[in-house]
Amino acid sequence: MPQALSPSVCRTFRVAARVMSPDAAPSTEDGWLECELLIARRLADLPANRRRQMLGFVRALPALAAALTGRRFARLSAVQVLALLHRLEASPVAALRRGVWGLRTLVFAGVYGRPETAIATGWRPHDGGWEGRAAERVRTTPGGSPSPLRLLP
Amino acid sequence: MTPPVAVDVVIIGAGAGGGAVAEGLLPLVRDGLSVLLLERGPRITPHQLTTNEADMVALLYHRQGAFLTDDGSMSLAMGRGVGGSSLVHGGIVAVPSQGAIDAWRVPGLQFADLERRALGLAARMDRAFLAPEAINENNRLFAEGAGRLGLQPVQLPISARGCRGAARCHLGCPNGAPLGTVRRQLPEVEAAGVRVVPHADVLRITPRRVHLRVRASADDVGAWPEGDYVVDAPVIVLAAGAIETPALLLRSGFGATHRQVGRRFTCHPSQLIVAEHPRVITSDVGHPTSYQIDRGADAGFVLEPTFATPMVAAAQLTGFGPAHAQMMRAFPRLQMIRAIARDAATPDNRVTITRDGAAVVHYEPSASVRRALVAAQRTAARVVFAAGAVRVHLPAAHPPLLDRRAIDHIDTLVRDELQLPGRVSLWASHLMGGAAMGRDTSDSVTDAAGRVHHTPWLRVADASLIPDGLDTAPSLTVMALADRVAEAIRADLGSLRPLARHQ
């Protein structure tokens, strides 16, 4: 069981997720908990130094916001948070760019790693491939027929 | 510590290289040779493969696919488990060119020999081309767009038997389609008596001895009880891949005598390019990669259609926010292309270890790799617009989202200076080098048959043998090289006795 994220880290992840992935960020508390569990699981698989770097950036984000915008991170609008993250992403300081890259990677793992979100994108996985898709069409489309597709021997 | 286990040959790593060596030793196994195949990861069974991306990435990839280079700017994908990276292999069966092999200048390695072995292995993998009607729209659009531009896409052969078009090779084929390491070689060698031990983490090697730790191993078939072990064998074969094999050599002290250990690491750095079409296209069904545009010789890049599932696509797309969300919203209408740079070995790109022996990969894309990826993006943009896309998302464009009107200005909109490390998503899955073949210790770690220089009991048989750039995906080349290693072991066994069964 991965170690749970601290409340302050979770708050920062939620703010970041809402602007980095505005359509897919969870809309329920259960969704957020699932998202944070996926992020914690991903972090737990990293070497300790890499985990420290990534969490260090997340923890430093409010201070960076204060230094660069003069306002508290929690008080920034979505547009302002997005502008801040884009500014850091294009920073000449490599550590800041990498920090944003790590943050986005974790956010996307949490947001799109939820099966509900993955399916909501329109992905239609089927073990049966072409045959499975054709059978689905038969079930859902009046008059549909199985695909004639085949593989060369 | 349990008493030493004695075998004739121990192979470390049950991926494409380890599987091919074991297969190459089968005639002797049937004659009583004892072979042990150690694998750090678990044994993956078909019923574990689901459509839950997060679970599959955690199950099938080392560090959930987030093994990062030292500066954190590129992620390296390595399969974990019995089968290694072949667990997530797309089934493309590509033979390298004579030019690529000749350019390595490895004494004793002839292209004709490697090609013969590769074609033999390919035949056993039922290498074939998909029928035209089994090629999905993502691939057809790629071929049509490329054709309109006169770019001459070529169809790629795959290990086709059993492929039903589930389109998630990278999450483990639910139909076990590629007839390679997992589905054919390992079952055959296990049936013949080769013992495969999952969850076996090799700590270091000493002369003719392997020191390993078996971690919590649940009830995987073949797993040993948790604990520390030593295995004695007159022949030790390293096949743990281009990162772990050099790391294991370094942990075992070979860096002092073999200065090339860890060097000559290459990986085909890749980027995902997606384009939005006005209608839904089939990409999540059908084999993901049927064609290729190969501009390796003149521009250093290759373009291939690909399919990334949502979590992977979101991570591999560059950027975040509205432009990123717009593309993810268009997921069923996305055409996806993988841009691959053909990189060459450089002095600084290498594998080292930390003080506690963990592998570290140092990789900085060279100027030619960066140029190649920019050129690849410009070409991919032209291909997708020629195929009817309405907009494209390019990592090195600012803004990244460009509509059709941008096509006339594509060369100025896509620029190298925007490819800042950490800003763009860069990943690699063709990991090569680190224990390269060559003449002697001044330029390499092994000879052309994988014998570690001045160390007759130690062999290498995986992608770490590859000494420089390769012009295909490496899996078939790795298997062919490993087949050579097995042949050399068969030839050398007489001088490497006493074997375990005679002790």
# chains A, B, ... in the order shown; residues from 1 in each chain; ligands from 1
>>> select_by_dssp(residues="range 14-107 of chain B", states="alpha helix (DSSP H)", output="ChimeraX atom specification")
/B:16-24,26-29,53-60,98-104
>>> interface_residues(of="chain B", to="chain A", cutoff="7 Å", atoms="only C-alpha atoms", output="PDB file with all heavy atoms, in the first residue's frame")
ATOM      1  N   THR B  51      -7.934  -4.194 -19.258  1.00  0.00           N
ATOM      2  CA  THR B  51      -7.906  -2.902 -19.942  1.00  0.00           C
ATOM      3  C   THR B  51      -7.689  -1.754 -18.960  1.00  0.00           C
ATOM      4  O   THR B  51      -7.805  -0.597 -19.351  1.00  0.00           O
ATOM      5  CB  THR B  51      -9.215  -2.662 -20.717  1.00  0.00           C
ATOM      6  OG1 THR B  51     -10.304  -2.723 -19.786  1.00  0.00           O
ATOM      7  CG2 THR B  51      -9.417  -3.701 -21.794  1.00  0.00           C
ATOM      8  N   ASN B  52      -7.385  -2.058 -17.711  1.00  0.00           N
ATOM      9  CA  ASN B  52      -7.100  -1.002 -16.745  1.00  0.00           C
ATOM     10  C   ASN B  52      -5.649  -0.544 -16.950  1.00  0.00           C
ATOM     11  O   ASN B  52      -4.701  -1.219 -16.570  1.00  0.00           O
ATOM     12  CB  ASN B  52      -7.303  -1.533 -15.319  1.00  0.00           C
ATOM     13  CG  ASN B  52      -7.107  -0.444 -14.279  1.00  0.00           C
ATOM     14  OD1 ASN B  52      -6.197   0.378 -14.368  1.00  0.00           O
ATOM     15  ND2 ASN B  52      -7.971  -0.432 -13.278  1.00  0.00           N
ATOM     16  N   GLU B  53      -5.511   0.624 -17.593  1.00  0.00           N
ATOM     17  CA  GLU B  53      -4.176   1.088 -17.987  1.00  0.00           C
ATOM     18  C   GLU B  53      -3.222   1.227 -16.813  1.00  0.00           C
ATOM     19  O   GLU B  53      -2.066   0.807 -16.888  1.00  0.00           O
ATOM     20  CB  GLU B  53      -4.300   2.469 -18.625  1.00  0.00           C
ATOM     21  CG  GLU B  53      -4.463   2.496 -20.093  1.00  0.00           C
ATOM     22  CD  GLU B  53      -4.292   3.912 -20.576  1.00  0.00           C
ATOM     23  OE1 GLU B  53      -5.203   4.730 -20.354  1.00  0.00           O
ATOM     24  OE2 GLU B  53      -3.245   4.202 -21.166  1.00  0.00           O
ATOM     25  N   ALA B  54      -3.688   1.863 -15.751  1.00  0.00           N
ATOM     26  CA  ALA B  54      -2.801   2.106 -14.609  1.00  0.00           C
ATOM     27  C   ALA B  54      -2.312   0.778 -14.031  1.00  0.00           C
ATOM     28  O   ALA B  54      -1.125   0.627 -13.711  1.00  0.00           O
ATOM     29  CB  ALA B  54      -3.524   2.929 -13.537  1.00  0.00           C
ATOM     30  N   ARG B  63       9.270   0.367 -12.929  1.00  0.00           N
ATOM     31  CA  ARG B  63       8.916   1.684 -12.388  1.00  0.00           C
ATOM     32  C   ARG B  63       7.734   2.314 -13.124  1.00  0.00           C
ATOM     33  O   ARG B  63       7.713   3.513 -13.405  1.00  0.00           O
ATOM     34  CB  ARG B  63      10.104   2.641 -12.428  1.00  0.00           C
ATOM     35  CG  ARG B  63      11.168   2.282 -11.411  1.00  0.00           C
ATOM     36  CD  ARG B  63      12.230   3.341 -11.326  1.00  0.00           C
ATOM     37  NE  ARG B  63      13.402   2.817 -10.677  1.00  0.00           N
ATOM     38  CZ  ARG B  63      14.622   3.325 -10.781  1.00  0.00           C
ATOM     39  NH1 ARG B  63      14.819   4.399 -11.510  1.00  0.00           N
ATOM     40  NH2 ARG B  63      15.629   2.785 -10.144  1.00  0.00           N
ATOM     41  N   GLN B  64       6.780   1.510 -13.497  1.00  0.00           N
ATOM     42  CA  GLN B  64       5.561   1.977 -14.153  1.00  0.00           C
ATOM     43  C   GLN B  64       5.872   2.807 -15.396  1.00  0.00           C
ATOM     44  O   GLN B  64       5.177   3.779 -15.717  1.00  0.00           O
ATOM     45  CB  GLN B  64       4.698   2.780 -13.176  1.00  0.00           C
ATOM     46  CG  GLN B  64       4.324   1.981 -11.944  1.00  0.00           C
ATOM     47  CD  GLN B  64       3.207   2.619 -11.157  1.00  0.00           C
ATOM     48  OE1 GLN B  64       2.287   3.199 -11.724  1.00  0.00           O
ATOM     49  NE2 GLN B  64       3.271   2.490  -9.858  1.00  0.00           N
ATOM     50  N   GLY B  72      16.212  13.653 -15.684  1.00  0.00           N
ATOM     51  CA  GLY B  72      14.751  13.612 -15.572  1.00  0.00           C
ATOM     52  C   GLY B  72      14.016  14.030 -16.827  1.00  0.00           C
ATOM     53  O   GLY B  72      12.806  14.236 -16.788  1.00  0.00           O
ATOM     54  N   SER B  73      14.700  14.147 -17.974  1.00  0.00           N
ATOM     55  CA  SER B  73      14.026  14.707 -19.147  1.00  0.00           C
ATOM     56  C   SER B  73      13.533  13.658 -20.147  1.00  0.00           C
ATOM     57  O   SER B  73      12.896  14.006 -21.125  1.00  0.00           O
ATOM     58  CB  SER B  73      14.962  15.687 -19.867  1.00  0.00           C
ATOM     59  OG  SER B  73      16.113  15.009 -20.308  1.00  0.00           O
ATOM     60  N   PHE B 129       2.748 -10.074 -43.552  1.00  0.00           N
ATOM     61  CA  PHE B 129       2.152  -8.748 -43.680  1.00  0.00           C
ATOM     62  C   PHE B 129       0.646  -8.861 -43.458  1.00  0.00           C
ATOM     63  O   PHE B 129       0.023  -9.823 -43.919  1.00  0.00           O
ATOM     64  CB  PHE B 129       2.415  -8.171 -45.069  1.00  0.00           C
ATOM     65  CG  PHE B 129       3.872  -7.878 -45.326  1.00  0.00           C
ATOM     66  CD1 PHE B 129       4.665  -8.776 -46.018  1.00  0.00           C
ATOM     67  CD2 PHE B 129       4.444  -6.708 -44.848  1.00  0.00           C
ATOM     68  CE1 PHE B 129       6.009  -8.515 -46.241  1.00  0.00           C
ATOM     69  CE2 PHE B 129       5.789  -6.442 -45.058  1.00  0.00           C
ATOM     70  CZ  PHE B 129       6.567  -7.338 -45.759  1.00  0.00           C
ATOM     71  N   LEU B 130       0.081  -7.882 -42.794  1.00  0.00           N
ATOM     72  CA  LEU B 130      -1.366  -7.883 -42.615  1.00  0.00           C
ATOM     73  C   LEU B 130      -2.043  -7.704 -43.963  1.00  0.00           C
ATOM     74  O   LEU B 130      -1.550  -6.976 -44.829  1.00  0.00           O
ATOM     75  CB  LEU B 130      -1.793  -6.733 -41.701  1.00  0.00           C
ATOM     76  CG  LEU B 130      -1.568  -6.883 -40.200  1.00  0.00           C
ATOM     77  CD1 LEU B 130      -2.085  -5.641 -39.479  1.00  0.00           C
ATOM     78  CD2 LEU B 130      -2.277  -8.118 -39.665  1.00  0.00           C
ATOM     79  N   ALA B 131      -3.179  -8.361 -44.130  1.00  0.00           N
ATOM     80  CA  ALA B 131      -3.983  -8.144 -45.329  1.00  0.00           C
ATOM     81  C   ALA B 131      -4.478  -6.700 -45.337  1.00  0.00           C
ATOM     82  O   ALA B 131      -4.716  -6.122 -44.271  1.00  0.00           O
ATOM     83  CB  ALA B 131      -5.170  -9.105 -45.327  1.00  0.00           C
ATOM     84  N   GLU B 133      -7.258  -5.300 -45.797  1.00  0.00           N
ATOM     85  CA  GLU B 133      -8.507  -4.984 -45.092  1.00  0.00           C
ATOM     86  C   GLU B 133      -8.371  -5.080 -43.568  1.00  0.00           C
ATOM     87  O   GLU B 133      -9.278  -4.704 -42.837  1.00  0.00           O
ATOM     88  CB  GLU B 133      -9.647  -5.882 -45.583  1.00  0.00           C
ATOM     89  CG  GLU B 133      -9.490  -7.353 -45.273  1.00  0.00           C
ATOM     90  CD  GLU B 133      -8.792  -8.115 -46.388  1.00  0.00           C
ATOM     91  OE1 GLU B 133      -7.965  -7.511 -47.100  1.00  0.00           O
ATOM     92  OE2 GLU B 133      -9.076  -9.319 -46.531  1.00  0.00           O
ATOM     93  N   ALA B 134      -7.232  -5.606 -43.088  1.00  0.00           N
ATOM     94  CA  ALA B 134      -7.022  -5.682 -41.638  1.00  0.00           C
ATOM     95  C   ALA B 134      -6.220  -4.503 -41.111  1.00  0.00           C
ATOM     96  O   ALA B 134      -5.897  -4.454 -39.925  1.00  0.00           O
ATOM     97  CB  ALA B 134      -6.321  -6.982 -41.283  1.00  0.00           C
ATOM     98  N   ARG B 164      -5.449 -10.443 -33.313  1.00  0.00           N
ATOM     99  CA  ARG B 164      -6.864 -10.191 -33.606  1.00  0.00           C
ATOM    100  C   ARG B 164      -7.144  -8.705 -33.706  1.00  0.00           C
ATOM    101  O   ARG B 164      -8.265  -8.290 -33.932  1.00  0.00           O
ATOM    102  CB  ARG B 164      -7.733 -10.828 -32.514  1.00  0.00           C
ATOM    103  CG  ARG B 164      -7.537 -12.348 -32.432  1.00  0.00           C
ATOM    104  CD  ARG B 164      -8.235 -12.938 -31.230  1.00  0.00           C
ATOM    105  NE  ARG B 164      -9.685 -12.884 -31.363  1.00  0.00           N
ATOM    106  CZ  ARG B 164     -10.541 -13.138 -30.378  1.00  0.00           C
ATOM    107  NH1 ARG B 164     -10.069 -13.463 -29.185  1.00  0.00           N
ATOM    108  NH2 ARG B 164     -11.829 -13.073 -30.562  1.00  0.00           N
ATOM    109  N   GLY B 165      -6.102  -7.885 -33.483  1.00  0.00           N
ATOM    110  CA  GLY B 165      -6.274  -6.444 -33.604  1.00  0.00           C
ATOM    111  C   GLY B 165      -6.795  -5.797 -32.339  1.00  0.00           C
ATOM    112  O   GLY B 165      -7.567  -4.845 -32.391  1.00  0.00           O
ATOM    113  N   ALA B 166      -6.375  -6.290 -31.180  1.00  0.00           N
ATOM    114  CA  ALA B 166      -6.826  -5.686 -29.922  1.00  0.00           C
ATOM    115  C   ALA B 166      -6.182  -4.318 -29.699  1.00  0.00           C
ATOM    116  O   ALA B 166      -6.654  -3.545 -28.864  1.00  0.00           O
ATOM    117  CB  ALA B 166      -6.519  -6.605 -28.744  1.00  0.00           C
ATOM    118  N   PRO B 174      -3.685  -9.317 -25.158  1.00  0.00           N
ATOM    119  CA  PRO B 174      -4.603 -10.240 -24.475  1.00  0.00           C
ATOM    120  C   PRO B 174      -4.719 -11.575 -25.214  1.00  0.00           C
ATOM    121  O   PRO B 174      -5.221 -12.543 -24.659  1.00  0.00           O
ATOM    122  CB  PRO B 174      -5.933  -9.485 -24.487  1.00  0.00           C
ATOM    123  CG  PRO B 174      -5.840  -8.562 -25.647  1.00  0.00           C
ATOM    124  CD  PRO B 174      -4.397  -8.187 -25.767  1.00  0.00           C
ATOM    125  N   ASP B 284      -8.087   2.384 -32.248  1.00  0.00           N
ATOM    126  CA  ASP B 284      -8.055   1.529 -31.061  1.00  0.00           C
ATOM    127  C   ASP B 284      -8.480   0.097 -31.377  1.00  0.00           C
ATOM    128  O   ASP B 284      -8.764  -0.697 -30.490  1.00  0.00           O
ATOM    129  CB  ASP B 284      -8.920   2.112 -29.937  1.00  0.00           C
ATOM    130  CG  ASP B 284     -10.365   2.323 -30.333  1.00  0.00           C
ATOM    131  OD1 ASP B 284     -10.704   2.055 -31.504  1.00  0.00           O
ATOM    132  OD2 ASP B 284     -11.157   2.749 -29.483  1.00  0.00           O
ATOM    133  N   VAL B 285      -8.481  -0.223 -32.646  1.00  0.00           N
ATOM    134  CA  VAL B 285      -8.679  -1.605 -33.080  1.00  0.00           C
ATOM    135  C   VAL B 285      -7.789  -1.819 -34.298  1.00  0.00           C
ATOM    136  O   VAL B 285      -7.555  -0.901 -35.075  1.00  0.00           O
ATOM    137  CB  VAL B 285     -10.171  -1.879 -33.394  1.00  0.00           C
ATOM    138  CG1 VAL B 285     -10.649  -1.045 -34.567  1.00  0.00           C
ATOM    139  CG2 VAL B 285     -10.434  -3.350 -33.665  1.00  0.00           C
ATOM    140  N   GLY B 286      -7.242  -3.010 -34.432  1.00  0.00           N
ATOM    141  CA  GLY B 286      -6.290  -3.277 -35.512  1.00  0.00           C
ATOM    142  C   GLY B 286      -4.864  -3.123 -35.017  1.00  0.00           C
ATOM    143  O   GLY B 286      -4.613  -2.455 -34.010  1.00  0.00           O
ATOM    144  N   PRO B 310      -5.336   6.143 -23.443  1.00  0.00           N
ATOM    145  CA  PRO B 310      -5.479   7.505 -22.926  1.00  0.00           C
ATOM    146  C   PRO B 310      -4.429   7.951 -21.913  1.00  0.00           C
ATOM    147  O   PRO B 310      -3.881   9.063 -22.030  1.00  0.00           O
ATOM    148  CB  PRO B 310      -6.887   7.488 -22.311  1.00  0.00           C
ATOM    149  CG  PRO B 310      -7.621   6.482 -23.127  1.00  0.00           C
ATOM    150  CD  PRO B 310      -6.625   5.422 -23.452  1.00  0.00           C
ATOM    151  N   MET B 311      -4.134   7.138 -20.904  1.00  0.00           N
ATOM    152  CA  MET B 311      -3.172   7.579 -19.892  1.00  0.00           C
ATOM    153  C   MET B 311      -1.791   7.762 -20.501  1.00  0.00           C
ATOM    154  O   MET B 311      -1.097   8.747 -20.227  1.00  0.00           O
ATOM    155  CB  MET B 311      -3.113   6.564 -18.746  1.00  0.00           C
ATOM    156  CG  MET B 311      -2.266   7.023 -17.582  1.00  0.00           C
ATOM    157  SD  MET B 311      -2.147   5.773 -16.279  1.00  0.00           S
ATOM    158  CE  MET B 311      -0.836   4.742 -16.907  1.00  0.00           C
ATOM    159  N   ALA B 314      -1.820  10.849 -22.866  1.00  0.00           N
ATOM    160  CA  ALA B 314      -1.797  12.118 -22.126  1.00  0.00           C
ATOM    161  C   ALA B 314      -0.377  12.434 -21.663  1.00  0.00           C
ATOM    162  O   ALA B 314       0.080  13.578 -21.736  1.00  0.00           O
ATOM    163  CB  ALA B 314      -2.738  12.042 -20.925  1.00  0.00           C
ATOM    164  N   ALA B 315       0.336  11.422 -21.192  1.00  0.00           N
ATOM    165  CA  ALA B 315       1.697  11.650 -20.701  1.00  0.00           C
ATOM    166  C   ALA B 315       2.664  11.909 -21.842  1.00  0.00           C
ATOM    167  O   ALA B 315       3.570  12.740 -21.719  1.00  0.00           O
ATOM    168  CB  ALA B 315       2.157  10.441 -19.888  1.00  0.00           C
ATOM    169  N   PHE B 320       0.239  20.823 -21.447  1.00  0.00           N
ATOM    170  CA  PHE B 320      -0.921  20.611 -20.581  1.00  0.00           C
ATOM    171  C   PHE B 320      -1.861  21.788 -20.786  1.00  0.00           C
ATOM    172  O   PHE B 320      -1.529  22.725 -21.512  1.00  0.00           O
ATOM    173  CB  PHE B 320      -0.476  20.518 -19.107  1.00  0.00           C
ATOM    174  CG  PHE B 320       0.392  21.667 -18.668  1.00  0.00           C
ATOM    175  CD1 PHE B 320      -0.141  22.880 -18.263  1.00  0.00           C
ATOM    176  CD2 PHE B 320       1.781  21.538 -18.690  1.00  0.00           C
ATOM    177  CE1 PHE B 320       0.672  23.935 -17.885  1.00  0.00           C
ATOM    178  CE2 PHE B 320       2.600  22.594 -18.303  1.00  0.00           C
ATOM    179  CZ  PHE B 320       2.045  23.799 -17.899  1.00  0.00           C
ATOM    180  N   GLY B 321      -3.021  21.721 -20.169  1.00  0.00           N
ATOM    181  CA  GLY B 321      -3.968  22.827 -20.269  1.00  0.00           C
ATOM    182  C   GLY B 321      -4.891  22.690 -21.469  1.00  0.00           C
ATOM    183  O   GLY B 321      -5.081  21.584 -21.988  1.00  0.00           O
ATOM    184  N   ALA B 325      -5.928  19.397 -23.552  1.00  0.00           N
ATOM    185  CA  ALA B 325      -7.281  18.877 -23.299  1.00  0.00           C
ATOM    186  C   ALA B 325      -8.073  18.767 -24.588  1.00  0.00           C
ATOM    187  O   ALA B 325      -8.857  17.821 -24.769  1.00  0.00           O
ATOM    188  CB  ALA B 325      -8.007  19.779 -22.299  1.00  0.00           C
ATOM    189  N   MET B 328      -7.089  15.558 -26.195  1.00  0.00           N
ATOM    190  CA  MET B 328      -7.604  14.394 -25.473  1.00  0.00           C
ATOM    191  C   MET B 328      -9.119  14.260 -25.676  1.00  0.00           C
ATOM    192  O   MET B 328      -9.659  13.157 -25.730  1.00  0.00           O
ATOM    193  CB  MET B 328      -7.261  14.494 -23.985  1.00  0.00           C
ATOM    194  CG  MET B 328      -5.778  14.345 -23.674  1.00  0.00           C
ATOM    195  SD  MET B 328      -5.036  12.812 -24.290  1.00  0.00           S
ATOM    196  CE  MET B 328      -5.876  11.577 -23.307  1.00  0.00           C
ATOM    197  N   ARG B 329      -9.801  15.424 -25.802  1.00  0.00           N
ATOM    198  CA  ARG B 329     -11.245  15.410 -26.047  1.00  0.00           C
ATOM    199  C   ARG B 329     -11.548  14.773 -27.408  1.00  0.00           C
ATOM    200  O   ARG B 329     -12.587  14.190 -27.633  1.00  0.00           O
ATOM    201  CB  ARG B 329     -11.751  16.848 -26.004  1.00  0.00           C
ATOM    202  CG  ARG B 329     -13.166  17.004 -25.556  1.00  0.00           C
ATOM    203  CD  ARG B 329     -13.476  18.411 -25.069  1.00  0.00           C
ATOM    204  NE  ARG B 329     -12.923  19.480 -25.860  1.00  0.00           N
ATOM    205  CZ  ARG B 329     -12.191  20.479 -25.363  1.00  0.00           C
ATOM    206  NH1 ARG B 329     -11.921  20.533 -24.087  1.00  0.00           N
ATOM    207  NH2 ARG B 329     -11.732  21.438 -26.140  1.00  0.00           N
ATOM    208  N   PHE B 331     -10.070  12.303 -28.736  1.00  0.00           N
ATOM    209  CA  PHE B 331      -9.374  11.007 -28.755  1.00  0.00           C
ATOM    210  C   PHE B 331      -9.849  10.051 -29.862  1.00  0.00           C
ATOM    211  O   PHE B 331      -9.019   9.500 -30.589  1.00  0.00           O
ATOM    212  CB  PHE B 331      -9.486  10.341 -27.375  1.00  0.00           C
ATOM    213  CG  PHE B 331      -8.571   9.182 -27.180  1.00  0.00           C
ATOM    214  CD1 PHE B 331      -7.242   9.371 -26.832  1.00  0.00           C
ATOM    215  CD2 PHE B 331      -9.020   7.886 -27.362  1.00  0.00           C
ATOM    216  CE1 PHE B 331      -6.381   8.293 -26.676  1.00  0.00           C
ATOM    217  CE2 PHE B 331      -8.168   6.809 -27.200  1.00  0.00           C
ATOM    218  CZ  PHE B 331      -6.846   7.019 -26.857  1.00  0.00           C
ATOM    219  N   PRO B 332     -11.156   9.831 -30.036  1.00  0.00           N
ATOM    220  CA  PRO B 332     -11.567   8.855 -31.071  1.00  0.00           C
ATOM    221  C   PRO B 332     -11.294   9.348 -32.489  1.00  0.00           C
ATOM    222  O   PRO B 332     -11.394   8.586 -33.434  1.00  0.00           O
ATOM    223  CB  PRO B 332     -13.078   8.705 -30.839  1.00  0.00           C
ATOM    224  CG  PRO B 332     -13.330   9.287 -29.488  1.00  0.00           C
ATOM    225  CD  PRO B 332     -12.301  10.355 -29.291  1.00  0.00           C
ATOM    226  N   GLY B 422      12.741  18.753 -20.567  1.00  0.00           N
ATOM    227  CA  GLY B 422      11.786  18.994 -19.492  1.00  0.00           C
ATOM    228  C   GLY B 422      10.519  19.669 -19.988  1.00  0.00           C
ATOM    229  O   GLY B 422       9.463  19.536 -19.381  1.00  0.00           O
ATOM    230  N   ARG B 423      10.600  20.415 -21.120  1.00  0.00           N
ATOM    231  CA  ARG B 423       9.383  21.027 -21.637  1.00  0.00           C
ATOM    232  C   ARG B 423       8.658  20.066 -22.578  1.00  0.00           C
ATOM    233  O   ARG B 423       7.437  19.973 -22.558  1.00  0.00           O
ATOM    234  CB  ARG B 423       9.694  22.327 -22.396  1.00  0.00           C
ATOM    235  CG  ARG B 423       8.453  23.184 -22.665  1.00  0.00           C
ATOM    236  CD  ARG B 423       8.741  24.326 -23.612  1.00  0.00           C
ATOM    237  NE  ARG B 423       8.626  23.937 -24.996  1.00  0.00           N
ATOM    238  CZ  ARG B 423       7.483  23.866 -25.683  1.00  0.00           C
ATOM    239  NH1 ARG B 423       6.344  24.171 -25.089  1.00  0.00           N
ATOM    240  NH2 ARG B 423       7.460  23.493 -26.937  1.00  0.00           N
TER     241      ARG B 423
END
>>> closest_residue(among="B:Val460, B:Leu37, B:Ala167, B:Ala239", to="Pro288 in chain B", atoms="only C-alpha atoms")
B:Ala167
>>> select_by_dssp(residues="range 131-167 of chain B", states="strand (DSSP E)", output="list in words")
Val154, Gln155, Ile158 and Ser159 of chain B
>>> write_last_selection(atoms="N, CA, C and O atoms", output="PDB file, in the first residue's frame")
ATOM      1  N   VAL B 154       6.498   2.224 -46.360  1.00  0.00           N
ATOM      2  CA  VAL B 154       6.646   0.782 -46.586  1.00  0.00           C
ATOM      3  C   VAL B 154       5.863   0.036 -45.509  1.00  0.00           C
ATOM      4  O   VAL B 154       5.748   0.502 -44.367  1.00  0.00           O
ATOM      5  N   GLN B 155       5.306  -1.105 -45.883  1.00  0.00           N
ATOM      6  CA  GLN B 155       4.571  -1.905 -44.906  1.00  0.00           C
ATOM      7  C   GLN B 155       5.551  -2.729 -44.085  1.00  0.00           C
ATOM      8  O   GLN B 155       6.545  -3.247 -44.605  1.00  0.00           O
ATOM      9  N   ILE B 158       4.880  -8.272 -39.403  1.00  0.00           N
ATOM     10  CA  ILE B 158       4.679  -8.526 -37.974  1.00  0.00           C
ATOM     11  C   ILE B 158       4.559 -10.029 -37.730  1.00  0.00           C
ATOM     12  O   ILE B 158       4.383 -10.811 -38.666  1.00  0.00           O
ATOM     13  N   SER B 159       4.660 -10.393 -36.470  1.00  0.00           N
ATOM     14  CA  SER B 159       4.370 -11.757 -36.075  1.00  0.00           C
ATOM     15  C   SER B 159       2.849 -11.851 -35.992  1.00  0.00           C
ATOM     16  O   SER B 159       2.247 -11.557 -34.968  1.00  0.00           O
TER      17      SER B 159
END
>>> closest_residue(among="A:Cys10, A:Ala25, A:Ala40, A:Val15", to="Ala74 in chain A", atoms="only C-alpha atoms")
A:Val15
>>> residues_around(residues="range 245-249 of chain B", least_positions_apart="4", cutoff="10 Å", atoms="only C-alpha atoms", output="VMD selection string")
chain B and resid 12 to 13 202 to 206 237 to 241 253 to 255 258 260 to 263 265 350 to 354 357 to 361 433 to 436 445 460 to 465
>>> write_last_selection(atoms="C-alpha atoms", output="short mmCIF file (atom, residue, chain, number, x, y, z; two decimals), in the first residue's frame")
data_model
loop_
_atom_site.label_atom_id
_atom_site.label_comp_id
_atom_site.auth_asym_id
_atom_site.auth_seq_id
_atom_site.Cartn_x
_atom_site.Cartn_y
_atom_site.Cartn_z
CA ILE B 12 20.26 -13.66 -16.06
CA GLY B 13 17.19 -12.13 -17.67
CA VAL B 202 20.79 -10.64 -9.10
CA LEU B 203 22.93 -8.54 -6.79
CA ARG B 204 26.38 -9.23 -8.27
CA ILE B 205 28.49 -11.83 -10.00
CA THR B 206 31.88 -13.21 -9.05
CA VAL B 237 25.11 -15.27 -19.43
CA LEU B 238 23.97 -11.71 -18.83
CA ALA B 239 20.72 -10.93 -20.63
CA ALA B 240 19.17 -8.36 -18.32
CA GLY B 241 18.90 -5.62 -20.95
CA GLY B 253 33.61 -4.50 -10.33
CA PHE B 254 34.12 -4.91 -14.08
CA GLY B 255 34.33 -1.16 -14.56
CA HIS B 258 36.57 -3.09 -18.79
CA GLN B 260 33.73 0.50 -21.89
CA VAL B 261 31.09 -0.96 -19.56
CA GLY B 262 28.05 1.32 -19.62
CA ARG B 263 29.24 3.22 -22.69
CA PHE B 265 24.14 3.66 -24.89
CA ARG B 350 26.03 5.94 -20.82
CA VAL B 351 24.88 3.81 -17.91
CA THR B 352 26.49 4.23 -14.50
CA ILE B 353 25.48 3.16 -11.00
CA THR B 354 24.80 4.95 -7.75
CA GLY B 357 24.48 -0.04 -7.15
CA ALA B 358 21.28 1.20 -8.79
CA ALA B 359 21.42 1.91 -12.52
CA VAL B 360 21.55 5.50 -13.71
CA VAL B 361 21.20 6.46 -17.39
CA GLY B 433 24.45 -0.57 -25.82
CA GLY B 434 26.30 -0.55 -22.52
CA ALA B 435 28.21 -3.82 -23.01
CA ALA B 436 29.12 -3.38 -26.65
CA VAL B 445 33.18 -5.16 -23.49
CA VAL B 460 26.45 -11.09 -22.72
CA ALA B 461 23.37 -11.81 -24.84
CA ASP B 462 21.02 -8.85 -25.01
CA ALA B 463 20.58 -5.37 -26.49
CA SER B 464 23.58 -4.11 -24.56
CA LEU B 465 25.78 -5.83 -27.17
#
